[in-house]
6 protein chains.
Amino acid sequence: VRILVANPNTSAAVTALVERAIRRVASPRSEFLFVTGSFGAKVVSSWSENAIAAHSAVDLVSTHAKGCDGIILAISFDSGLRAARELSGLPTLGITEAALLAASTLGVRIGLVVLSSRAKTLYRDLVCSYGLGDRLCGIRALDGEGEYDERRGGYGEEELTAAARALIELDGAEIVILVGAVFGGRSLDIERRLPVPILDGLRCAAPMIEALIDIRAPGASTEAGRDRSDRLVTP
Amino acid sequence: VRILVANPNTSAAVTALVERAIRRVASPRSEFLFVTGSFGAKVVSSWSENAIAAHSAVDLVSTHAKGCDGIILAISFDSGLRAARELSGLPTLGITEAALLAASTLGVRIGLVVLSSRAKTLYRDLVCSYGLGDRLCGIRALDGEGEYDERRGGYGEEELTAAARALIELDGAEIVILVGAVFGGRSLDIERRLPVPILDGLRCAAPMIEALIDIRAPGASTEAGRDRSDRLVTP
Amino acid sequence: VRILVANPNTSAAVTALVERAIRRVASPRSEFLFVTGSFGAKVVSSWSENAIAAHSAVDLVSTHAKGCDGIILAISFDSGLRAARELSGLPTLGITEAALLAASTLGVRIGLVVLSSRAKTLYRDLVCSYGLGDRLCGIRALDGEGEYDERRGGYGEEELTAAARALIELDGAEIVILVGAVFGGRSLDIERRLPVPILDGLRCAAPMIEALIDIRAPGASTEAGRDRSDRLVTP
Amino acid sequence: VRILVANPNTSAAVTALVERAIRRVASPRSEFLFVTGSFGAKVVSSWSENAIAAHSAVDLVSTHAKGCDGIILAISFDSGLRAARELSGLPTLGITEAALLAASTLGVRIGLVVLSSRAKTLYRDLVCSYGLGDRLCGIRALDGEGEYDERRGGYGEEELTAAARALIELDGAEIVILVGAVFGGRSLDIERRLPVPILDGLRCAAPMIEALIDIRAPGASTEAGRDRSDRLVTP
Amino acid sequence: VRILVANPNTSAAVTALVERAIRRVASPRSEFLFVTGSFGAKVVSSWSENAIAAHSAVDLVSTHAKGCDGIILAISFDSGLRAARELSGLPTLGITEAALLAASTLGVRIGLVVLSSRAKTLYRDLVCSYGLGDRLCGIRALDGEGEYDERRGGYGEEELTAAARALIELDGAEIVILVGAVFGGRSLDIERRLPVPILDGLRCAAPMIEALIDIRAPGASTEAGRDRSDRLVTP
Amino acid sequence: VRILVANPNTSAAVTALVERAIRRVASPRSEFLFVTGSFGAKVVSSWSENAIAAHSAVDLVSTHAKGCDGIILAISFDSGLRAARELSGLPTLGITEAALLAASTLGVRIGLVVLSSRAKTLYRDLVCSYGLGDRLCGIRALDGEGEYDERRGGYGEEELTAAARALIELDGAEIVILVGAVFGGRSLDIERRLPVPILDGLRCAAPMIEALIDIRAPGASTEAGRDRSDRLVTP
């Protein structure tokens, strides 16, 4: 299957990071098309940048979704998710949505590690929009200042582990999500050091979108399936 | 990967039906182990039968989960789900949970087709337990009498289609789930006749559990992955 | 005070309609600046058009808000509301938000008349986002087909009255809102014929934004106030 | 327009304080009639005093509302609000309701500063009754003892500022309300010292009730409007 | 034990009806003191009458609770409940609260039969205040006109049965409550004709208040218990 | 009346403790039949043990309920409650349910003292299932290790009092419940030392089940009542 991975931000460096994270976990049977937004912020950290990113997501989807079987929105605010779904008619997942759906099956109380305090309210709203507000037990930011710095993808294992540990020990988290495209795959690095499952959005999004494609069109992800005449056409 | 498909009911006929439905949609890379409960009701349709089925699920999982990578509870009340998860430490999905998670990414307002009016309250509770209570727009039973008859798996396409159509036209459903192990794969039969996506639990559970296994242990579902030394051990 | 009235759609005809409605109810002490979006749909009726309209709202606000004291988003989906607020630092109201806040003080159970069935889910989400989901007793669309036609602003009093009456008599509405910029001021035409208060967004938005401006900077709306040295500067 | 400001408590000193606060923010176009309850507590701080105050509100409204265009209930528990509305048929606002409505448009997460710990549960209930329970991030009392002392209106800026700062820094408040008639106008004194908007009930109630009067009867607040034949008569 | 039964309305006829209903179900070990309000409406059917009744409840409790062990508020809006509890420090139940608590243990989905459509919103609020809003499946009024007529206590079995049946068959009620002091004991008359349990407030309130008295002061309801030195004094 | 007290665990020692606690508070007019589960854990402290206990509850009820008038499930997770109710057609209470219903009438904000941190999520779910999630202000565990030790029923008054005090002073609890069959009657020991009511499940369950039996069949609990021909037969 062919999967569009759209980063509605304008930073190609983040898209490269997204690609590395997806390649680390993706199955060999999928091809991925990575695209970067042509307008808006380098990295979203405000409501207005998020509004522009939602348009950018629509723009990327309308330009690149043709010929694809599913879409991953590689932005942790899941910007423009319903719009992208509606426009493409394809299975579409935001990376934070993917992590939350997976988390909901692995534990009851969910904690989030995020980059900046400034975005806590956006993330809280997002979790509530997926019906999991009552299960959110805490959001901990790695930095309270709110200024984004691209090198932060470089937060060390110590800092990530400490934030996750605080969610587990102080807030009662039974599962922790590292929220942010820059944390793609980083949960794999720290999971062994912690007593509960740790996830991140990109690690979850690739397997989940393949599953949704299979659900909509059974067999689609197998060679045979791609040619099957009974493949469903999503309306 | 090896997946345990546990039917906590005691009807081998239903397990056979479950097997046919799973085979219809499963990917070739998974093996499935189908097991049937050794005590309890043939088919659950009450709170007390459901309580016994939850124990039966625990029993089946403790007996058969060894050597498996994930578990599907093939019973539409998702009986014993959290218990099975806790006991096995493996990715575990109920079939109605699987359908609801998939549905939540394909539409906002969700409608359910169920076998009997008697179980409406159980299903409503179940949907709420996954955080989707506000998105449930209707439950329509194929029969209001409440007596279960095994031949009902034989409901024709006309009846299923009519119930789904009522959910769409009268209740505003943007997606419809046929709820019940006996409806495994039946959504594929009627989807083309209706204007919104139609799902059923077994169709969703197989791809979703494979995705969750991949998320917990990236690469697990590939041959290479099975031998990878960095495979995560679920605690 | 000077108020920016931003229509993030691209239809100048709708902006003209908005201007007439605002002029009908506005106080003489306010000046209004009416602006129309430069990209996006003529009228929003889908999630993707709405995502673009939110960007358009951000664009209009960043271009025109300088020198203004408050902002009205003249679009019934309140597209880009939080973004516009954040960007401008000014009191900002969506027209449906304004009507809902006013309605919440005039009755407990609220009913909505909307143009098209297709947008019901968007409006339901919007009402919930303002904390009034439990008080929403019904949404009735004037037309179920979902295709928007600009002449529909021309719905007659009979049709509007009938929809409002159904909300009151069948759904228990204690207050009814005509939702949509095209209905600006139309509630004044039909209110006398119905037993409960009827509102529309534009009728509510102008007085409410003036109040919010006064709250943020007391005295701002009087001549004297405009020169007062103790006027608060919104951060 | 003529606005009844009813203090359902029996303390004329508090009514005088209310009058000073209203005069500080009110527009010149409104006349205010200030009245004090003839039975009940001097200041409400319990459920039973609150029940009596609600009756007192009904009593004041039935005696004094004739000839008025709107009503402000100058008591922070909004005692008897729905009763006063129903009885008068006029736009009616409680002062805490007014502050909460304004706050809901200026920030997502709301914090409250209240006089006494004893009343926290009453206020929590009140916030929930307006649909904003999920957005309440904290209530901080200036004093935990629960005994009310009229001189407390005299809390200094330091104490008010410290409580507001704790809500912002520890609880994540994006907007803070000083709750209580005795704090009328005090938010204006401390707002410059804090990084988010600070409100109080009386500061918000006057502009908001004028707006609601204008919404119900467009033009009412202008001289011309008062004589307009098309003025709506509230049923 | 000695139980105050306070009717905060001013109709002695209703108090007499209340007494007959309590005597029909009460245990011989309790004495009851029946009192009627000295101000307010004969029967409450509006928010303002309800506000006055809450004060009347406070008044009756402060006058008559001395020497009592528990309190029943014999008014279906449970007017002044928290105030009466706080004031007396005694176990205190509203009759609708009592019926709802009992109902919550006998079925999941609850339906209400009420006298007048006008009060539906008050009752809905009341049910939500006890945390049972999600389980309320319908409210059916015996009369939609809203004018109360004392003879209505005389509604026949046919009408009560028909309303209950509609809740069961159309709304899915698993338990039905006849709401209103005038229906005291009437559920006993119609229960045999219907397939689910039917309750009314007075039938539930007497046994429940005795239980709460026993819980607060174990043994209180036995002769021996009344003299036990270890009887708890409610603070 | 005859009341079945079913301990679905397999520890006869806990059943003996339950019997002592019930005898301490029960009225002389009731007979109790104490039974212990024949399979499952000695004491439940996990989801899987809880699933087995629910089956055990069903088993005990189907074996022993004949001839009884009501049922108490003497296990703090209220395991199998709805199943036991459905199966027996008798008034049935879980001990934590009984304490929560009583607590809901004695205070608004409820705090729980539990044995082990491990079970916090189970208890939170349970409280929510009774509609009281919004009123739960805290859960404090006496021990965080999660290993159950039968001697813990022996927690001293100091430890229980300290945990309750923390709930009152730090979490704002207006009422505290000691959750667990092992705490039966212990609330009587510490209540005098604390400023708010303290309850435990067994103390509440006996009076409450008697009340529910009386409600279902008025007069049942009196000698006379037992022979009354008009006694209702629960369907």
# chains A, B, ... in the order shown; residues from 1 in each chain; ligands from 1
$ residues_around --residues "Ala164 (chain C)" --least-positions-apart "3" --cutoff "7 Å" --atoms "only C-alpha atoms" --output "PDB file with all heavy atoms, in the first residue's frame"
ATOM      1  N   VAL C 113     -31.682  26.264  14.339  1.00  0.00           N
ATOM      2  CA  VAL C 113     -32.116  26.135  12.952  1.00  0.00           C
ATOM      3  C   VAL C 113     -30.889  26.369  12.078  1.00  0.00           C
ATOM      4  O   VAL C 113     -30.232  27.407  12.204  1.00  0.00           O
ATOM      5  CB  VAL C 113     -33.207  27.174  12.604  1.00  0.00           C
ATOM      6  CG1 VAL C 113     -33.575  27.091  11.122  1.00  0.00           C
ATOM      7  CG2 VAL C 113     -34.429  26.990  13.482  1.00  0.00           C
ATOM      8  N   LEU C 160     -38.732  29.549   8.223  1.00  0.00           N
ATOM      9  CA  LEU C 160     -37.975  29.773   9.462  1.00  0.00           C
ATOM     10  C   LEU C 160     -38.873  29.544  10.677  1.00  0.00           C
ATOM     11  O   LEU C 160     -38.478  28.904  11.658  1.00  0.00           O
ATOM     12  CB  LEU C 160     -37.414  31.209   9.491  1.00  0.00           C
ATOM     13  CG  LEU C 160     -36.283  31.502   8.500  1.00  0.00           C
ATOM     14  CD1 LEU C 160     -35.987  33.004   8.462  1.00  0.00           C
ATOM     15  CD2 LEU C 160     -35.028  30.736   8.894  1.00  0.00           C
ATOM     16  N   THR C 161     -40.082  30.058  10.594  1.00  0.00           N
ATOM     17  CA  THR C 161     -41.014  29.927  11.715  1.00  0.00           C
ATOM     18  C   THR C 161     -41.370  28.467  11.951  1.00  0.00           C
ATOM     19  O   THR C 161     -41.438  28.007  13.105  1.00  0.00           O
ATOM     20  CB  THR C 161     -42.292  30.749  11.434  1.00  0.00           C
ATOM     21  OG1 THR C 161     -41.909  32.111  11.208  1.00  0.00           O
ATOM     22  CG2 THR C 161     -43.242  30.684  12.620  1.00  0.00           C
ATOM     23  N   LEU C 167     -38.799  22.908  16.832  1.00  0.00           N
ATOM     24  CA  LEU C 167     -37.836  22.821  17.945  1.00  0.00           C
ATOM     25  C   LEU C 167     -38.537  23.074  19.278  1.00  0.00           C
ATOM     26  O   LEU C 167     -38.246  22.416  20.278  1.00  0.00           O
ATOM     27  CB  LEU C 167     -36.702  23.839  17.747  1.00  0.00           C
ATOM     28  CG  LEU C 167     -35.687  23.459  16.669  1.00  0.00           C
ATOM     29  CD1 LEU C 167     -34.877  24.674  16.235  1.00  0.00           C
ATOM     30  CD2 LEU C 167     -34.754  22.357  17.176  1.00  0.00           C
ATOM     31  N   ILE C 168     -39.443  24.018  19.291  1.00  0.00           N
ATOM     32  CA  ILE C 168     -40.146  24.367  20.539  1.00  0.00           C
ATOM     33  C   ILE C 168     -41.121  23.267  20.932  1.00  0.00           C
ATOM     34  O   ILE C 168     -41.131  22.785  22.065  1.00  0.00           O
ATOM     35  CB  ILE C 168     -40.896  25.711  20.361  1.00  0.00           C
ATOM     36  CG1 ILE C 168     -39.893  26.842  20.092  1.00  0.00           C
ATOM     37  CG2 ILE C 168     -41.763  26.008  21.582  1.00  0.00           C
ATOM     38  CD1 ILE C 168     -40.519  28.099  19.520  1.00  0.00           C
ATOM     39  N   VAL C 176     -34.460  29.588  20.671  1.00  0.00           N
ATOM     40  CA  VAL C 176     -34.059  29.081  19.355  1.00  0.00           C
ATOM     41  C   VAL C 176     -33.072  30.061  18.727  1.00  0.00           C
ATOM     42  O   VAL C 176     -33.261  31.277  18.814  1.00  0.00           O
ATOM     43  CB  VAL C 176     -35.289  28.900  18.437  1.00  0.00           C
ATOM     44  CG1 VAL C 176     -34.859  28.573  17.005  1.00  0.00           C
ATOM     45  CG2 VAL C 176     -36.203  27.810  18.981  1.00  0.00           C
TER      46      VAL C 176
END
$ interface_residues --of "chain A" --to "chain C" --cutoff "6 Å" --atoms "only C-alpha atoms" --output "PDB file with N, CA, C and O atoms, in the first residue's frame"
ATOM      1  N   TRP A  47      -2.198  28.578  18.572  1.00  0.00           N
ATOM      2  CA  TRP A  47      -3.476  28.349  17.914  1.00  0.00           C
ATOM      3  C   TRP A  47      -3.457  28.871  16.477  1.00  0.00           C
ATOM      4  O   TRP A  47      -4.023  28.250  15.573  1.00  0.00           O
ATOM      5  N   SER A  48      -2.805  30.021  16.244  1.00  0.00           N
ATOM      6  CA  SER A  48      -2.860  30.583  14.894  1.00  0.00           C
ATOM      7  C   SER A  48      -1.974  29.779  13.948  1.00  0.00           C
ATOM      8  O   SER A  48      -2.372  29.509  12.804  1.00  0.00           O
ATOM      9  N   ALA A  51      -3.970  26.816  13.039  1.00  0.00           N
ATOM     10  CA  ALA A  51      -5.022  27.063  12.042  1.00  0.00           C
ATOM     11  C   ALA A  51      -4.420  27.043  10.637  1.00  0.00           C
ATOM     12  O   ALA A  51      -4.998  26.489   9.700  1.00  0.00           O
ATOM     13  N   ILE A  52      -3.256  27.657  10.505  1.00  0.00           N
ATOM     14  CA  ILE A  52      -2.604  27.662   9.182  1.00  0.00           C
ATOM     15  C   ILE A  52      -2.160  26.244   8.799  1.00  0.00           C
ATOM     16  O   ILE A  52      -2.319  25.819   7.660  1.00  0.00           O
ATOM     17  N   ALA A  54      -3.600  23.495   9.578  1.00  0.00           N
ATOM     18  CA  ALA A  54      -4.770  22.721   9.142  1.00  0.00           C
ATOM     19  C   ALA A  54      -5.039  22.977   7.663  1.00  0.00           C
ATOM     20  O   ALA A  54      -5.344  22.059   6.896  1.00  0.00           O
ATOM     21  N   HIS A  55      -4.909  24.238   7.239  1.00  0.00           N
ATOM     22  CA  HIS A  55      -5.056  24.557   5.812  1.00  0.00           C
ATOM     23  C   HIS A  55      -3.946  23.871   5.025  1.00  0.00           C
ATOM     24  O   HIS A  55      -4.176  23.298   3.966  1.00  0.00           O
ATOM     25  N   ALA A  83     -10.785  17.445   8.152  1.00  0.00           N
ATOM     26  CA  ALA A  83     -10.801  18.008   6.806  1.00  0.00           C
ATOM     27  C   ALA A  83     -10.069  17.086   5.833  1.00  0.00           C
ATOM     28  O   ALA A  83     -10.554  16.810   4.733  1.00  0.00           O
TER      29      ALA A  83
END
$ select_by_dssp --residues "region 4-138 of chain E" --states "alpha helix (DSSP H)" --output "ChimeraX atom specification"
/E:12-25,47-64,81-88,95-104,120-129
$ atom_distance --atom1 "CA of Pro218 (chain F)" --atom2 "CA of Leu73 (chain F)"
22.6 Å
$ closest_residue --among "D:Pro197, D:Gly37, D:Gly185, D:Gly180" --to "Ala119 (chain D)" --atoms "only C-alpha atoms"
D:Gly180
$ select_by_dssp --residues "chain D" --states "strand (DSSP E or B)" --output "JSON, numbers by chain"
{"D": [2, 3, 4, 5, 6, 7, 31, 32, 33, 34, 35, 36, 70, 71, 72, 73, 92, 93, 94, 110, 111, 112, 113, 114, 115, 116, 136, 137, 138, 139, 140, 141, 142, 143, 175, 176, 177, 178, 198, 199, 200]}
$ residues_around --residues "Tyr155 (chain B)" --least-positions-apart "3" --cutoff "10 Å" --atoms "only C-alpha atoms" --output "list in words"
Leu115, Leu142, Arg151, Arg152, Glu158, Glu159, Leu160, Val182, Phe183 and Arg186 of chain B
$ decode --residues "region 62-101 of chain C" --atoms "C-alpha atoms" --output "tab-separated table (two decimals), in the first residue's frame"
chain	number	residue	atom	x	y	z
C	62	SER	CA	-3.36	39.85	10.96
C	63	THR	CA	-3.98	42.27	8.09
C	64	HIS	CA	-6.83	44.38	9.45
C	65	ALA	CA	-6.96	44.19	13.27
C	66	LYS	CA	-4.42	46.94	13.86
C	67	GLY	CA	-6.23	49.94	15.29
C	68	CYS	CA	-9.34	47.95	16.15
C	69	ASP	CA	-10.74	47.35	19.64
C	70	GLY	CA	-12.52	44.08	18.99
C	71	ILE	CA	-13.29	41.47	16.35
C	72	ILE	CA	-16.41	39.68	15.12
C	73	LEU	CA	-15.87	36.56	13.03
C	74	ALA	CA	-18.88	36.69	10.73
C	75	ILE	CA	-19.05	32.99	9.95
C	76	SER	CA	-21.37	30.59	11.66
C	77	PHE	CA	-18.72	27.93	12.31
C	78	ASP	CA	-16.70	30.48	14.30
C	79	SER	CA	-13.76	29.34	12.17
C	80	GLY	CA	-10.35	30.19	13.56
C	81	LEU	CA	-11.80	31.79	16.71
C	82	ARG	CA	-9.07	30.88	19.19
C	83	ALA	CA	-6.40	31.63	16.63
C	84	ALA	CA	-7.83	35.09	15.93
C	85	ARG	CA	-8.02	35.81	19.66
C	86	GLU	CA	-4.48	34.72	20.28
C	87	LEU	CA	-3.11	36.63	17.33
C	88	SER	CA	-4.86	39.93	18.00
C	89	GLY	CA	-4.98	39.98	21.78
C	90	LEU	CA	-8.38	41.65	21.31
C	91	PRO	CA	-11.86	40.65	22.43
C	92	THR	CA	-13.04	38.35	19.64
C	93	LEU	CA	-16.39	36.64	19.13
C	94	GLY	CA	-17.71	34.17	16.64
C	95	ILE	CA	-21.30	34.90	15.70
C	96	THR	CA	-22.56	31.49	16.80
C	97	GLU	CA	-20.61	31.78	20.05
C	98	ALA	CA	-22.24	35.18	20.63
C	99	ALA	CA	-25.71	33.76	20.07
C	100	LEU	CA	-25.03	30.76	22.32
C	101	LEU	CA	-23.72	32.92	25.18
